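Below is one structure; the comments refer to it alone.
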Amino acid sequence: MPTFEYQGRSAQGQLAKGQMDAPNTDAAASALLEQGITPVNIRQLAATSKTNVDISALLGGNKVKIIDLIMFCRQMYTITKSGIPLVRGIRGLAAGLKHLEFQRVLNDVAQRLEGGSALSPAMGKHPKVFNNLFVSMINVGESTGSLDQVFSQMAFYMERDEETRKSIKSATRYPTFVIIALAIAVTVVNVAVIPKFADMFKQFNAELPLVTKILIGTSHVFVNYWWALLVVLGATVSGIWYYLSTPQGAIFWGQKKLRLPVIGSIIDRASMARYARSFSLMLRAGVPLNQALTLCARAIDNPYLAMKIERIRRGIERGDSLLRTHVQAEMLTPLVLQMIAVGEESGKVEELLAEVADFYEREVDYDLKKLSDSIEPILIIFMAGFVTVLALGIFLPMWDMYNVQKGAM
(Lines give C-alpha, C1' and ligand atoms only; values in the text may rest on other atoms or scores of the structure.)
Protein backbone atom coordinates (compact mmCIF):
# COMPACT_ATOMS: atom_id res chain seq x y z
CA MET A 1 0.00 0.00 0.00
CA PRO A 2 1.45 3.41 -0.97
CA THR A 3 2.43 5.95 1.67
CA PHE A 4 1.22 9.57 1.52
CA GLU A 5 2.67 12.63 3.22
CA TYR A 6 0.02 15.16 4.19
CA GLN A 7 -0.38 18.68 5.55
CA GLY A 8 -3.64 20.00 6.93
CA ARG A 9 -5.42 21.95 9.64
CA SER A 10 -7.10 20.58 12.76
CA ALA A 11 -10.50 21.76 13.95
CA GLN A 12 -8.68 24.35 16.11
CA GLY A 13 -6.73 25.65 13.10
CA GLN A 14 -3.43 24.08 14.14
CA LEU A 15 -1.04 22.79 11.50
CA ALA A 16 -1.10 18.99 11.20
CA LYS A 17 1.36 17.01 9.13
CA GLY A 18 2.55 13.44 8.94
CA GLN A 19 2.43 10.24 6.91
CA MET A 20 -0.23 7.58 6.41
CA ASP A 21 -0.86 4.48 4.30
CA ALA A 22 -3.85 4.56 1.94
CA PRO A 23 -4.91 2.96 -1.38
CA ASN A 24 -5.02 6.35 -3.14
CA THR A 25 -5.15 10.11 -2.59
CA ASP A 26 -8.94 10.23 -2.18
CA ALA A 27 -8.84 7.51 0.49
CA ALA A 28 -6.12 9.41 2.34
CA ALA A 29 -8.19 12.62 2.24
CA SER A 30 -11.27 10.79 3.53
CA ALA A 31 -9.27 9.25 6.39
CA LEU A 32 -7.95 12.69 7.36
CA LEU A 33 -11.44 14.20 7.34
CA GLU A 34 -12.63 11.39 9.63
CA GLN A 35 -9.85 12.35 12.05
CA GLY A 36 -10.98 15.99 12.07
CA ILE A 37 -8.14 17.23 9.86
CA THR A 38 -8.84 19.30 6.76
CA PRO A 39 -6.21 18.29 4.17
CA VAL A 40 -4.29 21.09 2.42
CA ASN A 41 -1.66 19.08 0.59
CA ILE A 42 -1.35 15.31 0.00
CA ARG A 43 1.45 13.73 -2.01
CA GLN A 44 2.55 10.15 -2.51
CA LEU A 45 6.04 9.28 -1.31
CA ALA A 46 8.48 7.49 -3.56
CA ALA A 47 9.42 3.89 -2.83
CA THR A 48 12.87 4.95 -1.59
CA SER A 49 11.29 7.14 1.10
CA LYS A 50 9.27 4.19 2.36
CA THR A 51 12.48 2.15 2.53
CA ASN A 52 14.14 4.84 4.60
CA VAL A 53 11.21 4.88 7.01
CA ASP A 54 11.42 1.11 7.42
CA ILE A 55 15.18 1.26 8.08
CA SER A 56 14.63 3.99 10.65
CA ALA A 57 11.97 1.87 12.35
CA LEU A 58 14.28 -1.15 12.28
CA LEU A 59 17.00 0.86 14.05
CA GLY A 60 14.57 2.09 16.70
CA GLY A 61 14.30 5.63 15.33
CA ASN A 62 10.50 5.67 15.70
CA LYS A 63 10.48 4.51 19.33
CA VAL A 64 8.52 6.74 21.68
CA LYS A 65 10.91 7.81 24.44
CA ILE A 66 10.21 8.46 28.10
CA ILE A 67 10.70 12.21 27.65
CA ASP A 68 7.92 12.18 25.02
CA LEU A 69 5.57 10.47 27.47
CA ILE A 70 6.49 12.90 30.25
CA MET A 71 5.64 15.87 28.03
CA PHE A 72 2.44 14.13 26.93
CA CYS A 73 1.37 13.58 30.56
CA ARG A 74 2.05 17.20 31.50
CA GLN A 75 0.08 18.44 28.51
CA MET A 76 -2.78 16.03 29.22
CA TYR A 77 -2.84 17.24 32.83
CA THR A 78 -3.41 20.78 31.57
CA ILE A 79 -6.04 19.62 29.07
CA THR A 80 -8.05 17.52 31.52
CA LYS A 81 -7.79 20.09 34.30
CA SER A 82 -9.09 22.86 32.03
CA GLY A 83 -12.06 20.76 30.89
CA ILE A 84 -11.13 20.44 27.22
CA PRO A 85 -12.74 17.33 25.64
CA LEU A 86 -10.28 14.44 25.40
CA VAL A 87 -10.72 13.89 21.66
CA ARG A 88 -10.11 17.54 20.85
CA GLY A 89 -7.14 17.72 23.21
CA ILE A 90 -5.46 14.58 21.89
CA ARG A 91 -6.05 15.65 18.27
CA GLY A 92 -4.47 19.00 19.07
CA LEU A 93 -1.44 17.36 20.70
CA ALA A 94 -1.00 14.98 17.77
CA ALA A 95 -1.17 17.84 15.29
CA GLY A 96 1.75 19.60 16.98
CA LEU A 97 4.02 16.54 17.24
CA LYS A 98 7.09 16.02 15.05
CA HIS A 99 7.37 12.37 16.16
CA LEU A 100 5.47 10.57 13.40
CA GLU A 101 4.98 7.29 15.27
CA PHE A 102 3.66 9.01 18.41
CA GLN A 103 1.44 11.16 16.22
CA ARG A 104 0.02 8.04 14.58
CA VAL A 105 -0.62 6.44 17.99
CA LEU A 106 -2.42 9.50 19.37
CA ASN A 107 -4.56 9.83 16.26
CA ASP A 108 -5.53 6.15 16.63
CA VAL A 109 -6.39 6.72 20.32
CA ALA A 110 -8.54 9.72 19.38
CA GLN A 111 -10.26 7.70 16.67
CA ARG A 112 -11.09 4.94 19.15
CA LEU A 113 -12.45 7.54 21.59
CA GLU A 114 -14.70 8.83 18.84
CA GLY A 115 -15.88 5.26 18.31
CA GLY A 116 -17.07 5.07 21.92
CA SER A 117 -14.05 3.49 23.60
CA ALA A 118 -12.74 4.67 26.97
CA LEU A 119 -9.26 6.17 27.19
CA SER A 120 -7.50 3.29 28.97
CA PRO A 121 -8.61 0.55 26.51
CA ALA A 122 -7.70 2.82 23.60
CA MET A 123 -4.19 3.31 25.03
CA GLY A 124 -3.98 -0.41 25.83
CA LYS A 125 -4.02 -1.12 22.08
CA HIS A 126 -0.48 0.33 21.94
CA PRO A 127 1.52 -1.59 24.59
CA LYS A 128 4.86 -0.51 23.12
CA VAL A 129 4.01 3.10 23.99
CA PHE A 130 1.72 2.79 27.02
CA ASN A 131 2.74 -0.04 29.36
CA ASN A 132 0.53 -1.93 31.82
CA LEU A 133 1.29 0.47 34.67
CA PHE A 134 0.36 3.49 32.55
CA VAL A 135 -2.89 1.96 31.28
CA SER A 136 -3.91 0.77 34.77
CA MET A 137 -3.34 4.23 36.24
CA ILE A 138 -5.42 5.84 33.47
CA ASN A 139 -8.16 3.29 34.14
CA VAL A 140 -8.17 4.22 37.84
CA GLY A 141 -8.24 7.92 36.94
CA GLU A 142 -11.25 7.38 34.69
CA SER A 143 -13.07 5.37 37.36
CA THR A 144 -12.47 7.89 40.15
CA GLY A 145 -12.85 11.06 38.07
CA SER A 146 -9.30 12.19 38.88
CA LEU A 147 -7.73 11.79 35.46
CA ASP A 148 -5.89 15.12 35.74
CA GLN A 149 -4.20 14.06 38.99
CA VAL A 150 -3.23 10.70 37.51
CA PHE A 151 -1.51 12.40 34.55
CA SER A 152 0.32 14.70 36.96
CA GLN A 153 1.43 11.79 39.15
CA MET A 154 2.56 9.73 36.15
CA ALA A 155 4.63 12.65 34.84
CA PHE A 156 6.31 13.02 38.24
CA TYR A 157 6.93 9.27 38.55
CA MET A 158 8.45 8.90 35.07
CA GLU A 159 10.56 12.03 35.52
CA ARG A 160 12.10 10.78 38.77
CA ASP A 161 12.61 7.32 37.29
CA GLU A 162 14.33 8.75 34.21
CA GLU A 163 16.58 10.97 36.34
CA THR A 164 17.78 7.93 38.28
CA ARG A 165 18.43 5.98 35.06
CA LYS A 166 20.42 8.86 33.57
CA SER A 167 22.45 9.28 36.76
CA ILE A 168 23.46 5.61 36.76
CA LYS A 169 24.37 5.70 33.05
CA SER A 170 26.38 8.88 33.54
CA ALA A 171 28.27 7.44 36.51
CA THR A 172 29.18 4.21 34.67
CA ARG A 173 30.16 5.92 31.40
CA TYR A 174 33.68 6.86 32.53
CA PRO A 175 34.78 3.39 33.69
CA THR A 176 33.26 1.87 30.55
CA PHE A 177 35.36 4.13 28.32
CA VAL A 178 38.50 3.31 30.36
CA ILE A 179 37.90 -0.44 30.05
CA ILE A 180 37.34 -0.13 26.28
CA ALA A 181 40.53 1.95 25.93
CA LEU A 182 42.46 -0.64 27.96
CA ALA A 183 41.18 -3.47 25.73
CA ILE A 184 42.26 -1.55 22.62
CA ALA A 185 45.68 -0.90 24.15
CA VAL A 186 46.15 -4.59 24.96
CA THR A 187 45.27 -5.54 21.37
CA VAL A 188 47.62 -2.95 19.82
CA VAL A 189 50.51 -3.97 22.10
CA ASN A 190 50.06 -7.68 21.32
CA VAL A 191 49.73 -7.16 17.56
CA ALA A 192 52.18 -4.33 16.83
CA VAL A 193 54.67 -3.91 19.70
CA ILE A 194 55.57 -7.27 21.23
CA PRO A 195 56.30 -9.06 17.86
CA LYS A 196 59.11 -6.57 17.10
CA PHE A 197 60.77 -7.19 20.45
CA ALA A 198 60.25 -10.94 20.05
CA ASP A 199 62.22 -10.87 16.76
CA MET A 200 65.03 -8.92 18.42
CA PHE A 201 65.25 -11.34 21.36
CA LYS A 202 65.30 -14.28 18.94
CA GLN A 203 68.33 -12.88 17.12
CA PHE A 204 70.36 -12.74 20.34
CA ASN A 205 69.26 -16.22 21.52
CA ALA A 206 68.76 -14.74 24.98
CA GLU A 207 67.26 -16.68 27.86
CA LEU A 208 63.91 -15.01 28.41
CA PRO A 209 62.14 -14.51 31.74
CA LEU A 210 58.77 -16.19 32.34
CA VAL A 211 56.88 -12.89 32.01
CA THR A 212 58.43 -12.27 28.59
CA LYS A 213 57.59 -15.80 27.42
CA ILE A 214 53.97 -15.30 28.47
CA LEU A 215 53.76 -11.97 26.60
CA ILE A 216 55.33 -13.47 23.46
CA GLY A 217 52.98 -16.46 23.62
CA THR A 218 49.94 -14.20 24.03
CA SER A 219 51.10 -12.04 21.12
CA HIS A 220 51.60 -15.17 18.98
CA VAL A 221 47.99 -16.17 19.62
CA PHE A 222 46.73 -12.65 18.77
CA VAL A 223 48.71 -12.48 15.50
CA ASN A 224 48.25 -16.02 14.19
CA TYR A 225 44.94 -17.13 15.68
CA TRP A 226 42.94 -13.90 15.71
CA TRP A 227 40.14 -15.62 13.79
CA ALA A 228 39.85 -18.27 16.52
CA LEU A 229 39.72 -15.52 19.18
CA LEU A 230 36.89 -13.81 17.28
CA VAL A 231 34.98 -17.09 16.96
CA VAL A 232 35.39 -17.85 20.68
CA LEU A 233 34.43 -14.28 21.61
CA GLY A 234 31.37 -14.34 19.33
CA ALA A 235 30.27 -17.75 20.59
CA THR A 236 30.73 -16.66 24.21
CA VAL A 237 28.77 -13.43 23.76
CA SER A 238 26.02 -15.23 21.84
CA GLY A 239 25.79 -17.95 24.47
CA ILE A 240 25.59 -15.45 27.32
CA TRP A 241 23.02 -13.37 25.42
CA TYR A 242 20.88 -16.44 24.74
CA TYR A 243 21.06 -17.61 28.35
CA LEU A 244 20.14 -14.19 29.72
CA SER A 245 17.15 -14.07 27.36
CA THR A 246 15.72 -17.19 29.01
CA PRO A 247 13.60 -16.83 32.19
CA GLN A 248 16.20 -18.64 34.29
CA GLY A 249 19.05 -16.55 32.89
CA ALA A 250 17.15 -13.29 33.40
CA ILE A 251 16.50 -14.18 37.06
CA PHE A 252 20.16 -15.20 37.50
CA TRP A 253 21.47 -11.91 36.08
CA GLY A 254 18.85 -9.93 37.99
CA GLN A 255 20.23 -11.39 41.21
CA LYS A 256 23.93 -11.15 40.32
CA LYS A 257 23.88 -7.51 39.21
CA LEU A 258 22.60 -6.54 42.66
CA ARG A 259 25.83 -8.02 44.08
CA LEU A 260 28.29 -6.44 41.66
CA PRO A 261 31.24 -4.67 43.30
CA VAL A 262 30.76 -0.92 43.85
CA ILE A 263 27.64 -0.47 41.68
CA GLY A 264 25.55 -3.43 42.87
CA SER A 265 24.25 -1.67 45.97
CA ILE A 266 23.41 1.41 43.90
CA ILE A 267 21.38 -0.65 41.41
CA ASP A 268 19.63 -2.39 44.31
CA ARG A 269 18.59 0.86 46.00
CA ALA A 270 17.57 2.43 42.69
CA SER A 271 15.31 -0.59 42.08
CA MET A 272 13.85 -0.28 45.57
CA ALA A 273 13.17 3.42 44.97
CA ARG A 274 11.34 2.54 41.77
CA TYR A 275 9.33 -0.16 43.53
CA ALA A 276 8.34 2.08 46.45
CA ARG A 277 7.51 5.01 44.13
CA SER A 278 5.30 2.93 41.82
CA PHE A 279 3.64 1.12 44.74
CA SER A 280 2.87 4.42 46.46
CA LEU A 281 1.59 5.92 43.21
CA MET A 282 -0.88 3.10 42.62
CA LEU A 283 -2.12 2.90 46.22
CA ARG A 284 -2.64 6.67 46.22
CA ALA A 285 -4.68 6.34 43.03
CA GLY A 286 -6.86 3.61 44.56
CA VAL A 287 -5.53 0.51 42.77
CA PRO A 288 -6.30 -2.70 44.76
CA LEU A 289 -3.31 -3.99 46.74
CA ASN A 290 -2.83 -7.29 44.89
CA GLN A 291 -3.20 -5.63 41.47
CA ALA A 292 -0.76 -2.89 42.50
CA LEU A 293 1.85 -5.49 43.46
CA THR A 294 1.38 -7.28 40.14
CA LEU A 295 1.95 -4.04 38.25
CA CYS A 296 4.98 -3.23 40.42
CA ALA A 297 6.49 -6.61 39.53
CA ARG A 298 6.14 -5.74 35.83
CA ALA A 299 7.53 -2.24 36.30
CA ILE A 300 10.59 -3.14 38.39
CA ASP A 301 12.63 -4.21 35.32
CA ASN A 302 14.44 -6.95 37.27
CA PRO A 303 13.06 -10.52 37.01
CA TYR A 304 14.69 -11.55 40.30
CA LEU A 305 13.04 -8.71 42.25
CA ALA A 306 9.81 -9.23 40.28
CA MET A 307 9.76 -12.82 41.53
CA LYS A 308 10.08 -11.57 45.12
CA ILE A 309 7.28 -9.04 44.61
CA GLU A 310 5.05 -11.81 43.26
CA ARG A 311 5.75 -13.75 46.46
CA ILE A 312 4.69 -10.68 48.46
CA ARG A 313 1.46 -10.55 46.45
CA ARG A 314 0.72 -14.21 47.10
CA GLY A 315 1.38 -13.68 50.81
CA ILE A 316 -1.05 -10.72 50.86
CA GLU A 317 -3.69 -12.85 49.13
CA ARG A 318 -3.21 -15.53 51.82
CA GLY A 319 -3.96 -12.92 54.47
CA ASP A 320 -0.45 -12.03 55.66
CA SER A 321 0.33 -8.44 56.58
CA LEU A 322 2.32 -6.10 54.35
CA LEU A 323 5.15 -5.99 56.88
CA ARG A 324 5.37 -9.78 57.27
CA THR A 325 5.50 -10.44 53.53
CA HIS A 326 8.22 -7.81 53.04
CA VAL A 327 10.28 -9.25 55.90
CA GLN A 328 10.06 -12.71 54.31
CA ALA A 329 11.05 -11.28 50.91
CA GLU A 330 14.28 -9.79 52.38
CA MET A 331 14.16 -6.85 50.01
CA LEU A 332 14.25 -3.82 52.31
CA THR A 333 16.42 -2.57 55.17
CA PRO A 334 15.17 -2.73 58.79
CA LEU A 335 14.66 1.04 58.86
CA VAL A 336 12.41 0.91 55.81
CA LEU A 337 10.52 -2.07 57.23
CA GLN A 338 9.83 -0.03 60.36
CA MET A 339 8.42 2.76 58.18
CA ILE A 340 6.13 0.25 56.43
CA ALA A 341 5.01 -1.09 59.83
CA VAL A 342 4.14 2.43 60.98
CA GLY A 343 2.32 3.13 57.72
CA GLU A 344 0.32 -0.08 57.98
CA GLU A 345 -0.71 0.69 61.56
CA SER A 346 -1.66 4.30 60.80
CA GLY A 347 -3.36 3.57 57.46
CA LYS A 348 -0.92 5.81 55.55
CA VAL A 349 1.06 3.19 53.66
CA GLU A 350 1.17 5.22 50.43
CA GLU A 351 2.60 8.26 52.21
CA LEU A 352 5.26 6.19 54.00
CA LEU A 353 6.15 4.42 50.73
CA ALA A 354 6.67 7.81 49.10
CA GLU A 355 9.03 8.66 51.98
CA VAL A 356 10.81 5.34 51.41
CA ALA A 357 11.26 6.21 47.73
CA ASP A 358 12.68 9.63 48.64
CA PHE A 359 15.01 7.97 51.18
CA TYR A 360 16.40 5.52 48.61
CA GLU A 361 16.68 8.18 45.89
CA ARG A 362 18.69 10.45 48.19
CA GLU A 363 21.04 7.55 48.99
CA VAL A 364 21.42 6.74 45.29
CA ASP A 365 22.19 10.37 44.43
CA TYR A 366 24.79 10.55 47.20
CA ASP A 367 26.47 7.27 46.17
CA LEU A 368 26.46 8.23 42.49
CA LYS A 369 28.39 11.40 43.33
CA LYS A 370 31.01 9.24 45.04
CA LEU A 371 31.01 6.50 42.42
CA SER A 372 33.83 7.94 40.32
CA ASP A 373 35.98 8.29 43.44
CA SER A 374 35.35 4.62 44.27
CA ILE A 375 36.04 3.29 40.77
CA GLU A 376 39.14 5.36 39.95
CA PRO A 377 41.50 3.50 42.36
CA ILE A 378 40.39 0.15 40.91
CA LEU A 379 41.02 1.36 37.36
CA ILE A 380 44.40 2.79 38.35
CA ILE A 381 45.41 -0.57 39.87
CA PHE A 382 44.46 -2.39 36.65
CA MET A 383 46.35 0.13 34.52
CA ALA A 384 49.39 -0.08 36.81
CA GLY A 385 49.33 -3.87 36.66
CA PHE A 386 49.16 -3.84 32.86
CA VAL A 387 52.02 -1.36 32.53
CA THR A 388 54.13 -3.26 35.09
CA VAL A 389 53.75 -6.61 33.33
CA LEU A 390 54.51 -5.00 29.98
CA ALA A 391 57.58 -3.18 31.30
CA LEU A 392 58.98 -6.26 33.06
CA GLY A 393 58.36 -8.48 30.05
CA ILE A 394 60.18 -6.14 27.66
CA PHE A 395 62.90 -4.49 29.70
CA LEU A 396 64.12 -7.43 31.83
CA PRO A 397 65.62 -9.35 28.85
CA MET A 398 66.99 -6.09 27.42
CA TRP A 399 68.86 -5.47 30.69
CA ASP A 400 70.17 -9.06 30.64
CA MET A 401 71.38 -8.62 27.07
CA TYR A 402 73.06 -5.34 27.99
CA ASN A 403 74.86 -6.98 30.94
CA VAL A 404 76.01 -9.89 28.74
CA GLN A 405 77.40 -7.49 26.13
CA LYS A 406 79.06 -5.36 28.80
CA GLY A 407 80.73 -8.45 30.33
CA ALA A 408 81.97 -9.58 26.94
CA MET A 409 83.61 -6.21 26.41
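Residues are named by chain letter and number: chains run A, B, ... in the order of the C-alpha coordinates, numbers start at 1 in each chain, and ligands are numbered from 1 in the order shown.
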Next item on the list: Could you tell me, as a PyMOL selection string, which residues of stretch 54-262 of chain A DSSP assigns to helix (DSSP H, G or I) when given the backbone?
Entry: chain A and resi 54-58+66-82+86-95+100-114+119-124+132-144+147-204+210-224+226-245+247-259
Margin query: Just want the 12 Å neighbourhood of A:Phe151, counted on only C-alpha atoms, with same-chain residues fewer than 3 positions away dropped. Output as a PyMOL selection string.
Written below: chain A and resi 69-81+134-142+145-148+154-158+281+285
Next item on the list: Based on DSSP run over this structure's backbone, return all residues of stretch 12-140 of chain A in strand (DSSP E or B), as a list in words.
Entry: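 Answer for stretch 12-140 of chain A restricted to strand (DSSP E or B) is Leu15, Ala16, Lys17, Gly18, Gln19, Met20, Asp21, Thr38, Pro39, Val40, Asn41, Ile42, Arg43 and Gln44 of chain A.
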